[in-house]
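Some notes on the structure that comes next.
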Amino acid sequence: MSPAFTRAAILVALVAASACAQELGPDASGRTIQITTGETFVVALGANRTTGFDWTVATQWDEALLALDGTTYGSDAPPGIVGAGGTSRWTFRAKAPGTTSFKLVYRRPWPGGEVSDRTFDLTVTVVAQ
């Protein structure tokens, strides 16, 4: 199997998985959502990694209730455009009933790195299926 075919298959799987998941943008910050065990949701936030900034965890969620299934980053620019912004996507899966909160912050993630004023806070209530 060629590497290009493998990448294409992975992309199709990710798109199919995220198509079923609720996607939340920056306007969802400060809200509470309710999902059932086994469901997934995606937090999609604008980012520009070429500046050194990225979304990082400031306050951790309860890992008994939520699992981070993965993060991806994709540029919003046409191929060949350097320095353009994109979207950081965080995919979460509900594991068990309960309520948890988390906070993401947009910052330069190295020690002493600059922190922006952009944050994302979410409370998640997981109910039994």
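Here, A, B, ... name the chains of the structure tokens in the order displayed, residue numbers run from 1 inside each chain, and ligands are numbered from 1 in the same displayed order.
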task: Mind checking which residues fall within 6 Å of region 107-110 of chain A, counting only C-alpha atoms, ignoring those fewer than 5 positions away in the same chain, and posting them as an MDAnalysis selection string?
output: chainID A and resid 52:54 115:116
Listing only residues of region 52-121 of chain A within 6 Å of region 29-47 of chain A, what is the closest atom pair and its distance in Å (to one decimal) for each, using only C-alpha atoms, sorted by chain and residue number ascending, as JSON lines?
{"residue": "A:Gly85", "atom": "CA", "partner": "A:Ala47", "partner_atom": "CA", "distance": 5.7}
{"residue": "A:Gly86", "atom": "CA", "partner": "A:Ala47", "partner_atom": "CA", "distance": 5.4}
{"residue": "A:Thr87", "atom": "CA", "partner": "A:Gly46", "partner_atom": "CA", "distance": 4.5}
{"residue": "A:Ser88", "atom": "CA", "partner": "A:Leu45", "partner_atom": "CA", "distance": 5.3}
{"residue": "A:Arg89", "atom": "CA", "partner": "A:Ala44", "partner_atom": "CA", "distance": 4.4}
{"residue": "A:Trp90", "atom": "CA", "partner": "A:Val43", "partner_atom": "CA", "distance": 5.1}
{"residue": "A:Thr91", "atom": "CA", "partner": "A:Val42", "partner_atom": "CA", "distance": 4.5}
{"residue": "A:Phe92", "atom": "CA", "partner": "A:Thr40", "partner_atom": "CA", "distance": 5.4}
{"residue": "A:Arg93", "atom": "CA", "partner": "A:Thr40", "partner_atom": "CA", "distance": 4.3}
{"residue": "A:Ala94", "atom": "CA", "partner": "A:Thr37", "partner_atom": "CA", "distance": 4.8}
{"residue": "A:Lys95", "atom": "CA", "partner": "A:Thr37", "partner_atom": "CA", "distance": 5.4}
{"residue": "A:Ala96", "atom": "CA", "partner": "A:Thr37", "partner_atom": "CA", "distance": 5.7}
{"residue": "A:Phe120", "atom": "CA", "partner": "A:Ser29", "partner_atom": "CA", "distance": 5.0}
{"residue": "A:Asp121", "atom": "CA", "partner": "A:Ser29", "partner_atom": "CA", "distance": 4.9}
Write the residues you've just listed into a file as a PDB file, in the first residue's frame, and include C-alpha atoms for each of them.
ATOM      1  CA  GLY A  85      -3.459  30.288   9.778  1.00  0.00           C
ATOM      2  CA  GLY A  86      -5.508  27.173  10.188  1.00  0.00           C
ATOM      3  CA  THR A  87      -7.718  25.251  12.583  1.00  0.00           C
ATOM      4  CA  SER A  88      -6.756  23.156  15.600  1.00  0.00           C
ATOM      5  CA  ARG A  89      -9.272  20.356  16.270  1.00  0.00           C
ATOM      6  CA  TRP A  90      -9.514  18.507  19.592  1.00  0.00           C
ATOM      7  CA  THR A  91     -11.657  15.339  19.527  1.00  0.00           C
ATOM      8  CA  PHE A  92     -13.127  14.192  22.844  1.00  0.00           C
ATOM      9  CA  ARG A  93     -15.108  11.046  23.733  1.00  0.00           C
ATOM     10  CA  ALA A  94     -17.503  10.702  26.682  1.00  0.00           C
ATOM     11  CA  LYS A  95     -16.518   7.746  28.875  1.00  0.00           C
ATOM     12  CA  ALA A  96     -18.734   7.843  31.979  1.00  0.00           C
ATOM     13  CA  PHE A 120     -11.672  28.395  25.568  1.00  0.00           C
ATOM     14  CA  ASP A 121     -13.632  27.103  28.586  1.00  0.00           C
TER      15      ASP A 121
END
task: Give me every helix (DSSP H, G or I) residue in chain A, going by DSSP on the backbone, as a list in words.
output: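 Matching residues for helix (DSSP H, G or I) in chain A are Pro3, Ala4, Phe5, Thr6, Arg7, Ala8, Ala9, Ile10, Leu11, Val12, Ala13, Leu14, Val15, Ala16, Ala17, Ser18, Ala19, Cys20, Pro26, Asp27, Ala28, Arg49, Thr50 and Thr51 of chain A.
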- prompt: Hey, can you check how far CA of Thr125 (chain A) sits from CA of Gly74 (chain A)?
  reply: 28.5 Å
- prompt: Residues at most 8 Å from Lys103 (chain A), counting only C-alpha atoms, excluding those fewer than 6 positions away in the same chain, as a list in words?
  reply: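 Once the adjacent positions are removed, what remains is Val57, Ala58, Thr59, Gln60, Thr119, Phe120, Asp121 and Leu122 of chain A.
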query: CA of Pro26 (chain A) and CA of Ser75 (chain A) are how many Å apart?
result: 17.2 Å
- prompt: In terms of the shortest atom-to-atom distance over only C-alpha atoms, which of A:Gly83, A:Ala67, A:Gly112, A:Ala77 is closest to Val126 (chain A)?
  reply: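 Of the candidates, the smallest distance to Val126 (chain A) is held by A:Ala67.
For the pair CA of Trp61 (chain A) and CA of Thr100 (chain A), the interatomic distance is 5.8 Å.
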query: Using only C-alpha atoms, which of A:Pro111, A:Val82, A:Ala28, A:Thr99 sits nearest Leu65 (chain A)?
result: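 Residue with the minimum atom-to-atom distance to Leu65 (chain A): A:Thr99.
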Residue nearest Asp117 (chain A) - candidates A:Trp55, A:Ala84, A:Thr71, A:Asp62, atoms counted: only C-alpha atoms: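 Checking each candidate against Asp117 (chain A), we get A:Trp55 as the closest.
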Determine which residues of region 27-77 of chain A DSSP labels as strand (DSSP E) from the backbone of this structure, then write them out as an mmCIF file with N, CA, C and O atoms, in the first residue's frame.
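The result, written out as selection-v5.cif:
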data_model
loop_
_atom_site.group_PDB
_atom_site.id
_atom_site.type_symbol
_atom_site.label_atom_id
_atom_site.label_comp_id
_atom_site.auth_asym_id
_atom_site.auth_seq_id
_atom_site.Cartn_x
_atom_site.Cartn_y
_atom_site.Cartn_z
ATOM 1 N N ARG A 31 -19.842 27.832 27.721
ATOM 2 C CA ARG A 31 -21.106 27.089 27.713
ATOM 3 C C ARG A 31 -20.968 25.761 28.440
ATOM 4 O O ARG A 31 -19.876 25.299 28.745
ATOM 5 N N THR A 32 -22.128 25.136 28.657
ATOM 6 C CA THR A 32 -22.210 23.762 29.144
ATOM 7 C C THR A 32 -22.902 22.950 28.067
ATOM 8 O O THR A 32 -23.929 23.383 27.534
ATOM 9 N N ILE A 33 -22.319 21.812 27.725
ATOM 10 C CA ILE A 33 -22.965 20.914 26.765
ATOM 11 C C ILE A 33 -23.301 19.609 27.464
ATOM 12 O O ILE A 33 -22.693 19.261 28.481
ATOM 13 N N GLN A 34 -24.271 18.895 26.917
ATOM 14 C CA GLN A 34 -24.638 17.581 27.436
ATOM 15 C C GLN A 34 -24.500 16.557 26.326
ATOM 16 O O GLN A 34 -25.005 16.769 25.220
ATOM 17 N N ILE A 35 -23.800 15.469 26.623
ATOM 18 C CA ILE A 35 -23.641 14.379 25.664
ATOM 19 C C ILE A 35 -23.832 13.049 26.394
ATOM 20 O O ILE A 35 -23.793 13.010 27.627
ATOM 21 N N THR A 36 -24.018 11.987 25.632
ATOM 22 C CA THR A 36 -24.177 10.672 26.244
ATOM 23 C C THR A 36 -22.880 9.884 26.148
ATOM 24 O O THR A 36 -22.030 10.169 25.300
ATOM 25 N N THR A 40 -18.915 11.538 20.769
ATOM 26 C CA THR A 40 -17.730 12.376 20.629
ATOM 27 C C THR A 40 -18.153 13.796 20.283
ATOM 28 O O THR A 40 -19.259 14.025 19.799
ATOM 29 N N PHE A 41 -17.261 14.730 20.563
ATOM 30 C CA PHE A 41 -17.436 16.099 20.119
ATOM 31 C C PHE A 41 -16.064 16.655 19.781
ATOM 32 O O PHE A 41 -15.038 16.158 20.242
ATOM 33 N N VAL A 42 -16.059 17.687 18.939
ATOM 34 C CA VAL A 42 -14.819 18.287 18.466
ATOM 35 C C VAL A 42 -14.824 19.769 18.835
ATOM 36 O O VAL A 42 -15.810 20.465 18.614
ATOM 37 N N VAL A 43 -13.715 20.225 19.407
ATOM 38 C CA VAL A 43 -13.501 21.650 19.639
ATOM 39 C C VAL A 43 -12.588 22.129 18.516
ATOM 40 O O VAL A 43 -11.470 21.625 18.364
ATOM 41 N N ALA A 44 -13.068 23.068 17.702
ATOM 42 C CA ALA A 44 -12.323 23.578 16.543
ATOM 43 C C ALA A 44 -12.022 25.059 16.761
ATOM 44 O O ALA A 44 -12.943 25.875 16.843
ATOM 45 N N LEU A 45 -10.729 25.379 16.866
ATOM 46 C CA LEU A 45 -10.304 26.735 17.189
ATOM 47 C C LEU A 45 -9.258 27.229 16.193
ATOM 48 O O LEU A 45 -8.334 26.492 15.841
ATOM 49 N N GLY A 46 -9.393 28.463 15.780
ATOM 50 C CA GLY A 46 -8.431 29.060 14.870
ATOM 51 C C GLY A 46 -7.049 29.146 15.505
ATOM 52 O O GLY A 46 -6.915 29.412 16.701
ATOM 53 N N ALA A 47 -6.031 28.892 14.715
ATOM 54 C CA ALA A 47 -4.646 28.909 15.201
ATOM 55 C C ALA A 47 -3.720 29.228 14.036
ATOM 56 O O ALA A 47 -4.108 29.111 12.877
ATOM 57 N N ASP A 54 -0.001 27.984 19.912
ATOM 58 C CA ASP A 54 -0.866 26.820 19.735
ATOM 59 C C ASP A 54 -1.769 26.716 20.956
ATOM 60 O O ASP A 54 -1.494 27.305 22.000
ATOM 61 N N TRP A 55 -2.823 25.957 20.835
ATOM 62 C CA TRP A 55 -3.735 25.728 21.951
ATOM 63 C C TRP A 55 -3.144 24.670 22.872
ATOM 64 O O TRP A 55 -2.704 23.621 22.409
ATOM 65 N N THR A 56 -3.121 24.961 24.176
ATOM 66 C CA THR A 56 -2.623 24.022 25.174
ATOM 67 C C THR A 56 -3.627 23.932 26.319
ATOM 68 O O THR A 56 -4.457 24.823 26.513
ATOM 69 N N VAL A 57 -3.517 22.866 27.088
ATOM 70 C CA VAL A 57 -4.422 22.643 28.219
ATOM 71 C C VAL A 57 -3.970 23.495 29.400
ATOM 72 O O VAL A 57 -2.831 23.397 29.845
ATOM 73 N N ALA A 58 -4.886 24.338 29.909
ATOM 74 C CA ALA A 58 -4.620 25.135 31.107
ATOM 75 C C ALA A 58 -5.245 24.464 32.332
ATOM 76 O O ALA A 58 -4.649 24.456 33.398
ATOM 77 N N THR A 59 -6.456 23.926 32.160
ATOM 78 C CA THR A 59 -7.144 23.195 33.223
ATOM 79 C C THR A 59 -7.608 21.864 32.645
ATOM 80 O O THR A 59 -8.372 21.847 31.674
ATOM 81 N N LEU A 66 -14.001 11.990 30.429
ATOM 82 C CA LEU A 66 -13.714 12.363 29.041
ATOM 83 C C LEU A 66 -12.354 11.844 28.619
ATOM 84 O O LEU A 66 -11.400 11.902 29.397
ATOM 85 N N ALA A 67 -12.274 11.377 27.377
ATOM 86 C CA ALA A 67 -10.987 10.983 26.792
ATOM 87 C C ALA A 67 -10.688 11.915 25.628
ATOM 88 O O ALA A 67 -11.586 12.254 24.848
ATOM 89 N N LEU A 68 -9.442 12.335 25.529
ATOM 90 C CA LEU A 68 -8.996 13.081 24.357
ATOM 91 C C LEU A 68 -8.563 12.049 23.326
ATOM 92 O O LEU A 68 -7.544 11.383 23.489
ATOM 93 N N ASP A 69 -9.353 11.896 22.271
ATOM 94 C CA ASP A 69 -9.045 10.898 21.245
ATOM 95 C C ASP A 69 -7.976 11.377 20.275
ATOM 96 O O ASP A 69 -7.389 10.575 19.567
ATOM 97 N N GLY A 70 -7.725 12.685 20.232
ATOM 98 C CA GLY A 70 -6.659 13.179 19.370
ATOM 99 C C GLY A 70 -6.828 14.641 19.033
ATOM 100 O O GLY A 70 -7.879 15.238 19.253
ATOM 101 N N THR A 71 -5.738 15.212 18.516
ATOM 102 C CA THR A 71 -5.758 16.586 18.035
ATOM 103 C C THR A 71 -5.194 16.600 16.623
ATOM 104 O O THR A 71 -4.321 15.795 16.291
ATOM 105 N N THR A 72 -5.726 17.500 15.810
ATOM 106 C CA THR A 72 -5.210 17.673 14.456
ATOM 107 C C THR A 72 -5.107 19.161 14.182
ATOM 108 O O THR A 72 -5.764 19.981 14.834
ATOM 109 N N TYR A 73 -4.285 19.510 13.216
ATOM 110 C CA TYR A 73 -4.166 20.891 12.766
ATOM 111 C C TYR A 73 -4.161 20.881 11.251
ATOM 112 O O TYR A 73 -3.475 20.080 10.627
ATOM 113 N N GLY A 74 -4.941 21.764 10.672
ATOM 114 C CA GLY A 74 -4.962 21.887 9.223
ATOM 115 C C GLY A 74 -4.925 23.342 8.823
ATOM 116 O O GLY A 74 -5.593 24.175 9.428
ATOM 117 N N SER A 75 -4.140 23.637 7.817
ATOM 118 C CA SER A 75 -4.044 24.996 7.298
ATOM 119 C C SER A 75 -5.296 25.320 6.505
ATOM 120 O O SER A 75 -5.857 24.463 5.828
#
